Each structure stands twice: as structure tokens, then as C-alpha cells.
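Trainee: Take a look at work-v7.txt, compact mmCIF, C-alpha atoms:
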```txt
# COMPACT_ATOMS: atom_id res chain seq x y z
CA MET A 1 59.01 -139.80 63.87
CA ASN A 2 60.00 -142.60 66.26
CA GLN A 3 63.74 -142.05 66.60
CA HIS A 4 64.94 -139.38 68.96
CA LEU A 5 67.78 -136.98 68.34
CA THR A 6 71.29 -138.41 68.48
CA ASP A 7 73.78 -136.89 70.95
CA GLU A 8 75.45 -135.10 68.09
CA GLN A 9 72.21 -133.65 66.71
CA PHE A 10 71.19 -132.63 70.21
CA THR A 11 74.48 -130.82 70.88
CA ASP A 12 74.43 -129.17 67.47
CA LEU A 13 70.97 -127.85 68.24
CA LEU A 14 72.13 -126.64 71.65
CA LEU A 15 75.11 -124.88 70.06
CA GLY A 16 73.01 -123.31 67.33
CA LEU A 17 74.69 -125.38 64.60
CA ASP A 18 71.61 -127.30 63.49
CA ASP A 19 70.69 -127.18 59.81
CA GLY A 20 66.98 -127.24 60.65
CA THR A 21 66.49 -131.01 60.81
CA ALA A 22 66.79 -131.30 64.58
CA ALA A 23 64.65 -128.23 65.14
CA ALA A 24 61.94 -129.77 62.96
CA HIS A 25 62.14 -132.98 65.00
CA LEU A 26 61.62 -131.04 68.25
CA ASN A 27 58.30 -129.76 66.98
CA SER A 28 56.98 -133.29 66.70
CA CYS A 29 58.74 -135.05 69.61
CA GLU A 30 57.67 -134.24 73.14
CA HIS A 31 60.48 -136.30 74.68
CA CYS A 32 63.29 -134.46 72.86
CA ARG A 33 61.60 -131.11 73.45
CA GLN A 34 61.49 -131.77 77.18
CA GLU A 35 65.09 -132.96 77.17
CA MET A 36 66.20 -129.80 75.38
CA ALA A 37 64.24 -127.66 77.83
CA ARG A 38 65.79 -129.50 80.77
CA VAL A 39 69.36 -129.10 79.53
CA GLU A 40 68.88 -125.44 78.59
CA GLU A 41 67.26 -124.81 81.96
CA THR A 42 70.15 -126.49 83.75
CA MET A 43 72.77 -124.51 81.82
CA GLY A 44 70.86 -121.33 82.62
CA MET A 45 70.77 -122.14 86.33
CA LEU A 46 74.45 -122.98 86.32
CA ARG A 47 75.26 -119.70 84.55
CA GLU A 48 73.20 -117.57 86.93
CA ALA A 49 74.56 -119.34 90.00
CA SER A 50 78.15 -119.06 88.81
CA ILE A 51 77.75 -115.35 87.98
CA ASP A 52 76.28 -114.60 91.40
CA TRP A 53 78.96 -116.68 93.09
CA SER A 54 81.89 -115.13 91.22
CA ARG A 55 80.61 -111.58 91.78
CA GLN A 56 80.27 -112.26 95.46
CA ARG A 57 83.75 -113.79 95.64
CA VAL A 58 85.32 -110.92 93.73
CA ALA A 59 83.53 -108.40 95.96
CA GLU A 60 85.12 -110.08 98.99
CA MET A 61 88.60 -109.98 97.46
CA PRO A 62 90.94 -107.14 98.34
CA THR A 63 90.65 -104.53 95.61
CA PRO A 64 93.98 -103.42 94.14
CA ARG A 65 94.50 -99.74 94.93
CA PRO A 66 94.35 -97.39 91.93
CA GLY A 67 97.71 -97.38 90.19
CA PHE A 68 98.72 -100.81 91.52
CA PHE A 69 98.98 -102.35 88.07
CA GLU A 70 100.65 -99.29 86.58
CA ARG A 71 103.37 -99.55 89.20
CA LEU A 72 103.79 -103.24 88.43
CA GLY A 73 103.76 -102.47 84.73
CA LEU A 74 106.70 -100.08 85.08
CA SER A 75 109.06 -102.97 85.53
CA PHE A 76 108.07 -104.30 82.12
CA ARG A 77 108.71 -101.10 80.17
CA PRO A 78 111.77 -101.15 77.90
CA ALA A 79 113.22 -97.93 79.31
CA ALA A 80 112.94 -99.22 82.84
CA GLY A 81 114.41 -102.55 81.73
CA MET A 82 117.35 -100.87 80.05
CA ALA A 83 117.96 -98.70 83.10
CA MET A 84 117.92 -101.80 85.27
CA ALA A 85 120.32 -103.56 82.88
CA ALA A 86 122.66 -100.55 82.98
CA VAL A 87 122.64 -100.51 86.79
CA LEU A 88 123.37 -104.24 86.86
CA ALA A 89 126.15 -103.88 84.29
CA VAL A 90 127.78 -101.13 86.33
CA ALA A 91 127.37 -103.10 89.53
CA VAL A 92 129.00 -106.16 87.96
CA ALA A 93 131.70 -104.30 86.04
CA VAL A 94 132.91 -101.86 88.72
CA PRO A 95 134.69 -104.44 90.92
CA PHE A 96 136.47 -105.82 87.83
CA LEU A 97 137.43 -102.32 86.66
CA ILE A 98 138.81 -101.44 90.03
CA ARG A 99 140.76 -104.68 90.18
CA ASP A 100 141.95 -104.36 86.53
CA ASN A 101 143.09 -100.76 87.09
CA ASP A 102 145.74 -101.97 89.47
CA VAL A 103 147.35 -104.17 86.83
CA PRO A 104 147.92 -101.55 84.08
CA GLN A 105 149.41 -99.16 86.63
CA GLN A 106 152.03 -101.75 87.50
CA ALA A 107 152.59 -102.45 83.80
CA LEU A 108 152.89 -98.72 83.09
CA VAL A 109 155.56 -98.40 85.76
CA GLN A 110 157.45 -101.29 84.19
CA HIS A 111 157.07 -99.77 80.69
CA MET A 112 158.39 -96.42 81.86
CA SER A 113 161.45 -98.02 83.31
CA PRO A 114 164.44 -95.62 82.90
CA VAL A 115 166.61 -98.37 81.36
CA PRO A 116 165.55 -99.03 77.67
CA THR A 117 166.56 -102.23 75.94
CA ALA A 118 169.02 -102.37 72.98
CA GLU A 119 166.17 -103.20 70.55
CA GLN A 120 164.16 -100.17 71.68
CA ILE A 121 167.19 -97.90 71.12
CA ALA A 122 167.82 -99.34 67.62
CA ALA A 123 164.14 -98.97 66.60
CA ASP A 124 164.04 -95.39 67.87
CA ASN A 125 167.21 -94.49 65.92
CA GLU A 126 165.80 -96.01 62.72
CA LEU A 127 162.57 -94.01 63.07
CA MET A 128 164.45 -90.75 63.72
CA SER A 129 166.63 -91.34 60.66
CA ALA A 130 163.59 -91.88 58.39
CA ILE A 131 162.00 -88.68 59.67
CA ASN A 132 165.20 -86.72 59.03
CA GLN A 133 165.35 -87.98 55.43
CA GLU A 134 161.75 -86.91 54.82
CA ILE A 135 162.37 -83.46 56.21
CA ALA A 136 165.55 -83.03 54.12
CA GLN A 137 163.69 -83.60 50.76
CA PRO A 138 162.78 -80.46 48.75
CA ALA A 139 159.14 -79.36 48.69
CA ALA A 140 158.86 -80.09 44.91
CA GLN A 141 159.64 -83.77 45.48
CA HIS A 142 156.94 -83.94 48.20
CA GLU A 143 154.34 -82.47 45.82
CA ALA A 144 155.34 -84.88 43.02
CA ALA A 145 155.16 -87.84 45.39
CA PHE A 146 151.74 -86.65 46.66
CA ALA A 147 150.40 -86.25 43.10
CA SER A 148 151.65 -89.72 42.16
CA GLU A 149 150.01 -91.28 45.22
CA SER A 150 146.69 -89.49 44.53
CA GLY A 151 146.69 -90.70 40.89
CA LYS A 152 147.25 -94.29 41.98
CA ALA A 153 144.40 -94.06 44.45
CA ARG A 154 141.94 -92.73 41.81
CA THR A 155 142.92 -95.50 39.35
CA THR A 156 142.42 -98.15 42.02
CA LYS A 157 138.92 -96.81 42.83
CA ARG A 158 137.88 -97.05 39.18
CA MET B 159 90.62 -93.93 47.76
CA PRO B 160 86.87 -94.66 47.80
CA ALA B 161 84.89 -93.02 50.59
CA THR B 162 83.72 -96.36 51.98
CA ALA B 163 87.31 -97.66 52.29
CA SER B 164 88.53 -94.53 54.01
CA THR B 165 85.52 -94.62 56.33
CA ALA B 166 86.30 -98.24 57.18
CA ILE B 167 89.93 -97.38 57.90
CA LEU B 168 88.94 -94.43 60.07
CA SER B 169 86.42 -96.59 61.88
CA PHE B 170 89.05 -99.30 62.44
CA ALA B 171 91.53 -96.69 63.71
CA ALA B 172 88.89 -95.34 66.10
CA ARG B 173 88.17 -98.82 67.42
CA GLN B 174 91.87 -99.47 67.86
CA GLU B 175 92.22 -96.19 69.71
CA ALA B 176 89.31 -97.10 71.98
CA ARG B 177 90.77 -100.52 72.69
CA THR B 178 94.21 -99.11 73.41
CA HIS B 179 92.60 -96.63 75.77
CA GLU B 180 90.66 -99.47 77.40
CA LEU B 181 93.88 -101.40 78.01
CA GLU B 182 95.62 -98.33 79.42
CA ASP B 183 92.87 -97.97 82.02
CA ILE B 184 93.87 -101.11 83.88
CA ASP B 185 91.78 -100.31 86.95
CA GLY B 186 88.69 -100.03 84.75
CA LEU B 187 89.64 -103.26 83.00
CA VAL B 188 89.90 -105.08 86.32
CA ARG B 189 86.54 -103.72 87.46
CA LEU B 190 84.89 -104.81 84.22
CA TYR B 191 86.37 -108.27 83.69
CA ARG B 192 87.63 -109.53 87.04
CA ALA B 193 84.55 -111.59 87.90
CA LYS B 194 84.43 -113.08 84.40
CA VAL B 195 88.09 -114.12 84.37
CA TYR B 196 87.85 -115.36 87.96
CA ARG B 197 84.76 -117.46 87.18
CA TYR B 198 86.44 -119.01 84.16
CA VAL B 199 89.67 -119.82 86.02
CA ALA B 200 87.87 -121.11 89.12
CA TYR B 201 85.79 -123.50 87.02
CA SER B 202 88.79 -124.62 85.01
CA ILE B 203 90.88 -125.55 88.05
CA ASN B 204 88.27 -125.78 90.83
CA ASP B 205 90.44 -123.94 93.31
CA ALA B 206 88.98 -120.63 94.43
CA ASP B 207 92.16 -119.37 96.11
CA LEU B 208 94.46 -120.31 93.27
CA ALA B 209 91.94 -118.83 90.84
CA GLU B 210 92.26 -115.50 92.67
CA SER B 211 96.02 -115.56 92.23
CA ILE B 212 95.82 -116.58 88.56
CA THR B 213 93.22 -113.89 87.88
CA GLN B 214 95.55 -111.26 89.27
CA ASP B 215 98.43 -112.69 87.20
CA CYS B 216 96.20 -112.48 84.15
CA PHE B 217 95.68 -108.74 84.57
CA VAL B 218 99.34 -108.10 85.34
CA LYS B 219 100.30 -110.00 82.19
CA ALA B 220 97.65 -108.22 80.14
CA TYR B 221 98.90 -104.83 81.27
CA ALA B 222 102.53 -105.71 80.70
CA ASN B 223 101.78 -107.02 77.19
CA ARG B 224 99.17 -104.47 76.20
CA ALA B 225 101.38 -103.31 73.33
CA SER B 226 101.11 -106.76 71.75
CA PHE B 227 97.30 -106.62 71.61
CA ARG B 228 96.56 -106.40 67.88
CA GLY B 229 92.85 -105.70 68.22
CA ASP B 230 91.84 -108.71 66.09
CA CYS B 231 89.51 -109.89 68.86
CA SER B 232 87.66 -108.33 71.77
CA VAL B 233 89.52 -107.38 74.94
CA SER B 234 87.42 -109.98 76.74
CA THR B 235 88.55 -112.78 74.39
CA TRP B 236 92.15 -111.60 74.68
CA LEU B 237 91.96 -111.76 78.48
CA MET B 238 90.45 -115.24 78.28
CA SER B 239 93.32 -116.40 76.09
CA ILE B 240 95.83 -115.09 78.66
CA ALA B 241 93.89 -116.81 81.45
CA THR B 242 93.78 -120.04 79.41
CA ASN B 243 97.56 -120.00 79.02
CA LEU B 244 98.05 -119.35 82.73
CA VAL B 245 95.71 -122.21 83.64
CA ARG B 246 97.59 -124.54 81.29
CA ASP B 247 100.92 -123.44 82.73
CA HIS B 248 99.70 -124.28 86.22
CA VAL B 249 98.25 -127.60 85.13
CA ARG B 250 101.50 -128.52 83.40
CA THR B 251 103.88 -127.42 86.09
CA GLN B 252 101.99 -128.19 89.27
CA LYS B 253 100.18 -131.33 88.22
CA PHE B 254 97.23 -130.35 90.38
CA LYS B 255 94.68 -132.99 91.13
CA PHE B 256 92.03 -130.42 90.36
CA TRP B 257 88.85 -132.35 89.97
CA ARG B 258 89.88 -135.78 91.17
CA ASN B 259 88.87 -135.11 94.76
CA PHE B 260 85.99 -132.93 93.75
CA ARG B 261 83.22 -134.63 95.66
CA ALA B 262 85.20 -134.64 98.89
CA THR B 263 86.25 -130.99 98.75
CA ALA B 264 83.35 -129.28 97.07
CA ALA B 265 83.28 -126.19 99.29
CA ASP B 266 82.94 -123.87 96.32
CA VAL B 267 79.94 -125.76 95.01
CA THR B 268 78.26 -125.50 98.40
CA ASP B 269 78.76 -121.74 98.12
CA MET B 270 77.13 -121.84 94.73
CA SER B 271 74.21 -123.87 96.00
CA HIS B 272 73.33 -120.99 98.33
CA GLN B 273 73.16 -118.75 95.30
CA ILE B 274 70.67 -121.12 93.70
CA SER B 275 68.53 -121.16 96.84
CA SER B 276 68.31 -117.39 96.82
CA ARG B 277 66.98 -117.36 93.24
CA ALA B 278 64.54 -120.28 93.39
CA SER B 279 60.83 -119.60 93.81
CA SER B 280 60.19 -122.51 96.23
CA PRO B 281 62.19 -124.92 98.41
CA GLU B 282 61.33 -127.76 96.01
CA SER B 283 62.59 -125.81 93.01
CA ALA B 284 65.73 -124.90 94.92
CA LEU B 285 66.35 -128.55 95.74
CA ILE B 286 65.93 -129.70 92.14
CA ALA B 287 68.09 -126.84 90.87
CA ARG B 288 70.80 -127.61 93.40
CA GLU B 289 70.80 -131.28 92.42
CA ARG B 290 71.10 -130.43 88.75
CA VAL B 291 73.92 -127.92 89.22
CA GLU B 292 75.78 -130.37 91.41
CA GLY B 293 75.20 -133.00 88.72
CA VAL B 294 76.80 -130.71 86.15
CA HIS B 295 79.74 -130.14 88.48
CA ALA B 296 80.16 -133.87 88.95
CA ALA B 297 80.11 -134.35 85.17
CA LEU B 298 82.66 -131.55 84.72
CA ALA B 299 84.93 -133.41 87.14
CA THR B 300 85.18 -136.24 84.64
CA LEU B 301 86.27 -133.97 81.77
CA SER B 302 89.72 -132.86 80.75
CA GLU B 303 90.87 -129.32 81.50
CA ARG B 304 90.37 -128.33 77.85
CA GLN B 305 86.88 -129.79 77.64
CA ARG B 306 85.95 -127.98 80.85
CA SER B 307 87.44 -124.72 79.63
CA VAL B 308 85.51 -124.70 76.36
CA PHE B 309 82.34 -125.74 78.19
CA VAL B 310 82.69 -122.79 80.58
CA MET B 311 83.41 -120.39 77.73
CA ARG B 312 80.37 -121.56 75.75
CA PHE B 313 77.72 -122.10 78.38
CA LEU B 314 78.75 -119.80 81.23
CA GLU B 315 80.41 -116.98 79.30
CA GLU B 316 78.23 -117.43 76.20
CA MET B 317 81.13 -117.03 73.80
CA ASP B 318 80.63 -118.25 70.22
CA LEU B 319 82.74 -121.02 68.73
CA ALA B 320 85.05 -118.65 66.82
CA GLU B 321 85.79 -116.67 70.00
CA ILE B 322 86.50 -119.87 71.93
CA ALA B 323 88.82 -121.06 69.15
CA LYS B 324 90.64 -117.72 69.29
CA ALA B 325 90.94 -117.74 73.08
CA THR B 326 92.11 -121.34 73.35
CA GLY B 327 94.17 -121.53 70.17
CA MET B 328 92.23 -124.62 69.09
CA PRO B 329 90.62 -125.19 65.68
CA VAL B 330 86.84 -124.66 65.67
CA ASN B 331 86.26 -128.37 64.98
CA THR B 332 88.29 -129.32 68.05
CA VAL B 333 86.23 -126.90 70.12
CA LYS B 334 83.06 -128.54 68.78
CA THR B 335 84.36 -132.00 69.63
CA HIS B 336 85.15 -130.93 73.20
CA LEU B 337 81.69 -129.39 73.55
CA HIS B 338 80.02 -132.54 72.24
CA ARG B 339 81.84 -134.63 74.84
CA ALA B 340 81.03 -132.18 77.62
CA VAL B 341 77.32 -132.00 76.78
CA THR B 342 77.05 -135.78 76.43
CA ALA B 343 78.76 -136.27 79.81
CA ILE B 344 76.46 -133.75 81.47
CA ARG B 345 73.31 -135.28 80.01
CA ALA B 346 74.44 -138.70 81.15
CA GLN B 347 75.08 -137.36 84.64
CA LEU B 348 71.68 -135.67 84.80
CA GLY B 349 70.05 -139.03 84.11
CA PRO B 350 66.86 -139.87 82.25
CA ASN B 351 64.60 -137.00 81.41
CA ALA B 352 61.91 -136.99 84.11
CA SER B 353 60.66 -133.44 84.17
CA THR B 354 61.55 -129.82 83.74
CA LEU B 355 61.35 -127.23 86.47
CA GLY B 356 58.86 -125.26 84.47
CA GLY B 357 58.89 -121.61 85.38
CA THR B 358 61.41 -121.53 88.20
CA ARG B 359 63.65 -119.15 86.25
```
Would you encode the structure as C-alpha cells?
Mentor:
Amino acid sequence: MNQHLTDEQFTDLLLGLDDGTAAAHLNSCEHCRQEMARVEETMGMLREASIDWSRQRVAEMPTPRPGFFERLGLSFRPAAGMAMAAVLAVAVAVPFLIRDNDVPQQALVQHMSPVPTAEQIAADNELMSAINQEIAQPAAQHEAAFASESGKARTTKR
Amino acid sequence: MPATASTAILSFAARQEARTHELEDIDGLVRLYRAKVYRYVAYSINDADLAESITQDCFVKAYANRASFRGDCSVSTWLMSIATNLVRDHVRTQKFKFWRNFRATAADVTDMSHQISSRASSPESALIARERVEGVHAALATLSERQRSVFVMRFLEEMDLAEIAKATGMPVNTVKTHLHRAVTAIRAQLGPNASTLGGTR
């Protein structure tokens, strides 16, 4: 066979994706066989050198003390996150609560002013009158009214 | 339920349990995978110091998100996917000129060349090996971050295409395309086939 492997065939063979055609060519082509050996050899050297290098580099790095990552990981746990959120919420809300508390106290003082308005007196009298009427009704009328109300409620539910 | 199905479920549950346990033991995880993640990140960005920082971020992120690990890939692949995202974040946000000035600031490669010297059987073999590895590094400098990442995963970490696709979030065909480009660039950089080292490894 005169033609050598194409780049694609060569890479497929290197990646183990060859359907057998390229492998068959290697058996009969010294040039392609040597090229494959050279590339595989180079990749092997690169791999070994990089493994040695990275192991040496990592050995020189400061080793995290046992528990280092667990301590870091705590901040990512939901419970810890919620606790942090609660602390923040309290920290943010407390100044507002303290400030807001002053306002209702002033309003409460105004509301409890000893001089009621004419509308307040009229509304209070109306309410007292309605209560008196209710109290004055006989017990039988209360029961009848209660039974009537209950019946209406059941009908509405259906 | 058939015995084989229940056995499969029990086996799956046991594997899940083992993986969960593996993720809980973060110190063990760091011991086991730190060099691998570091190597991958360092090659992807060609910055040894930044790679150290990103590697640590990777483990912090893995530990914080261990509950989201579904066990549909190995812990190693999962860590590589986290590292890939961190590398991409840095590339996007910092706009590093990672490999542009590679030849001028190749301190890390010089380090690596010493490693080659210590393994080679003769000074001549060491010289050829060093030239070839430097040639690969020069070719990697011309690739995109994604092409470099899949190259490192395939040829340095020996991951299969499905694992690389999982770790990078790329379709398998895209991974293959990147690998084709990377291999072609490296072969071009290595030059015409003159000889093999023959027995130096």
C-alpha cells in the first residue's frame, strides 16, 4: 500500500477508534508504524514527566490541616446558612424596631387622650344600646334565632 | 422482584454509599486527587500558582456541593468537571493570556524537563525526550483552552471519550474533533518522522 494514513485515521488509531483498517495498514507500512511509535512514545514521556512534576509540586504545597475543608464546608450547610440569615435579619431589624417603637407610644398617648370626640361618644352609645337590647331578649328567642342561623348555614354548605 | 434486579439495586446502593463516604472524607479525597486536578488545571492555564489556587477552590466546591453528586460518574470525573468549570470561569473573567507568552515564560516546562532527565537512560535520550516534550508544549500553546483540556484528559489522565464528554459537558463528537486538532498540531510541531527513541522508556 503506497498511501500513508490520513491525519484522521492516525488519530482514530491513537484514540482506539479504528475499525481495523488503519491497524492493518500499520502492519505493512514501516513509515506509519514508526510515526505511531514516535507519537505514542512522546505522549508517554509527557505523561510520566507531568505526573512526576505535579506530584513534586503538590508535595511542596502547604497541606491543609485535617478538618480544614469541613470547617469551610460548615458555611455552606443550610442550617448554618439559616442561622446566619436569622442573625442578619435581627441585626437589620432591631434598629428599625427600636425606632418604630417610639412612634406607637406617642400614638398610644394621643389615642388615650382623656377628651373623646363627639363621634366616639355617639358610636359608644349606639354599641351599648345594641348590647342592652340583646340582653333584654328572652332565652327562647335566642335559641330560635340560633337554630335559624344554623339551618341557613347548613343549606348554604350544601 | 427478580433476584438479579434486587442484587443490582443493592449493589448500586452500596456503590452510592461508598461514594458518599468518599466525598465525606475530604482529606482523603484531597490526598488522592490533588495531584491529578492540579496537573489538569496547570496544563489548561499554564500558571502553576493560579493552578494551586484553582485546585483548592475545586475541592472546596466539591465538598460544599457533595450532596449534589448523583453518582452517575466516578468521583474523579466529577472533580474534573468542577475543575473544568473553574478554569472556564477564570478564562472568561480574567482574560488571561495563558499560552500566548509561553515560550518566554516557560518556567514550569523547565521544571518538567528535569523530570525527564531523571528518567532517561542516557544524556542523548534525555535531550531528545526534552525536545519532544517541549515540542508538545509549544503545540499546546497554539490550541484553544478546550482543545488543550480534552488533550490533557485523554493523553495525560487517560480518560476515555465518554468520561471527557461528561467532565467537559461537550458531545463526544466535539471531544473527538478537539482531539483530532490537538494531535494534528502536535504531530506538525514534532516535525517529520526521523526516528524513535527505541527503548528509553
Trainee: Within 6 Å of chain B, which residues of chain A come that close, and what is the closest atom pair and distance in Å for each? Count all atoms listed in the file and give it as CSV.
Mentor:
```
residue,atom,partner,partner_atom,distance
A:Thr11,CA,B:His338,CA,6.0
A:Glu35,CA,B:Asn351,CA,5.9
A:Arg38,CA,B:Thr354,CA,5.2
A:Leu46,CA,B:Val291,CA,5.8
A:Arg47,CA,B:Leu314,CA,4.8
A:Ala49,CA,B:Gln273,CA,5.5
A:Trp53,CA,B:Met270,CA,5.7
A:Ser54,CA,B:Arg197,CA,5.5
A:Arg55,CA,B:Ala193,CA,5.5
A:Val58,CA,B:Ala193,CA,5.9
A:Gly73,CA,B:Ala222,CA,5.3
A:Phe76,CA,B:Ala222,CA,5.9
```
Trainee: Rounded to one decimal in Å, what is the spacing between CA of Leu298 in chain B and CA of His4 in chain A?
Mentor: 25.0 Å
Trainee: If you measure from CA of Gln56 in chain A to CA of Leu15 in chain A, what distance in Å do you get, rounded to one decimal?
Mentor: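 CA of Leu15 in chain A lies at a distance of 28.8 Å from CA of Gln56 in chain A.
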Trainee: Tell me which of B:Ala346, B:Ala299, B:Ala325, B:Ile203 sits closest to Trp236 in chain B, counting only C-alpha atoms.
Mentor: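 Among the listed residues, the smallest separation from Trp236 in chain B belongs to B:Ala325.
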Trainee: Just to confirm, what's the straight-line distance from CA of Ile240 in chain B to CA of Arg306 in chain B in Å (one decimal)?
Mentor: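 Going from CA of Ile240 in chain B over to CA of Arg306 in chain B covers 16.4 Å.
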Trainee: Would you pick out the contacts of range 25-30 of chain A at 8 Å or less, using all atoms listed in the file, so that residues sharing its chain but fewer than 2 positions from it are not included, and give the list as a ChimeraX atom specification?
Mentor: /A:1,4-5,21-23,32-34
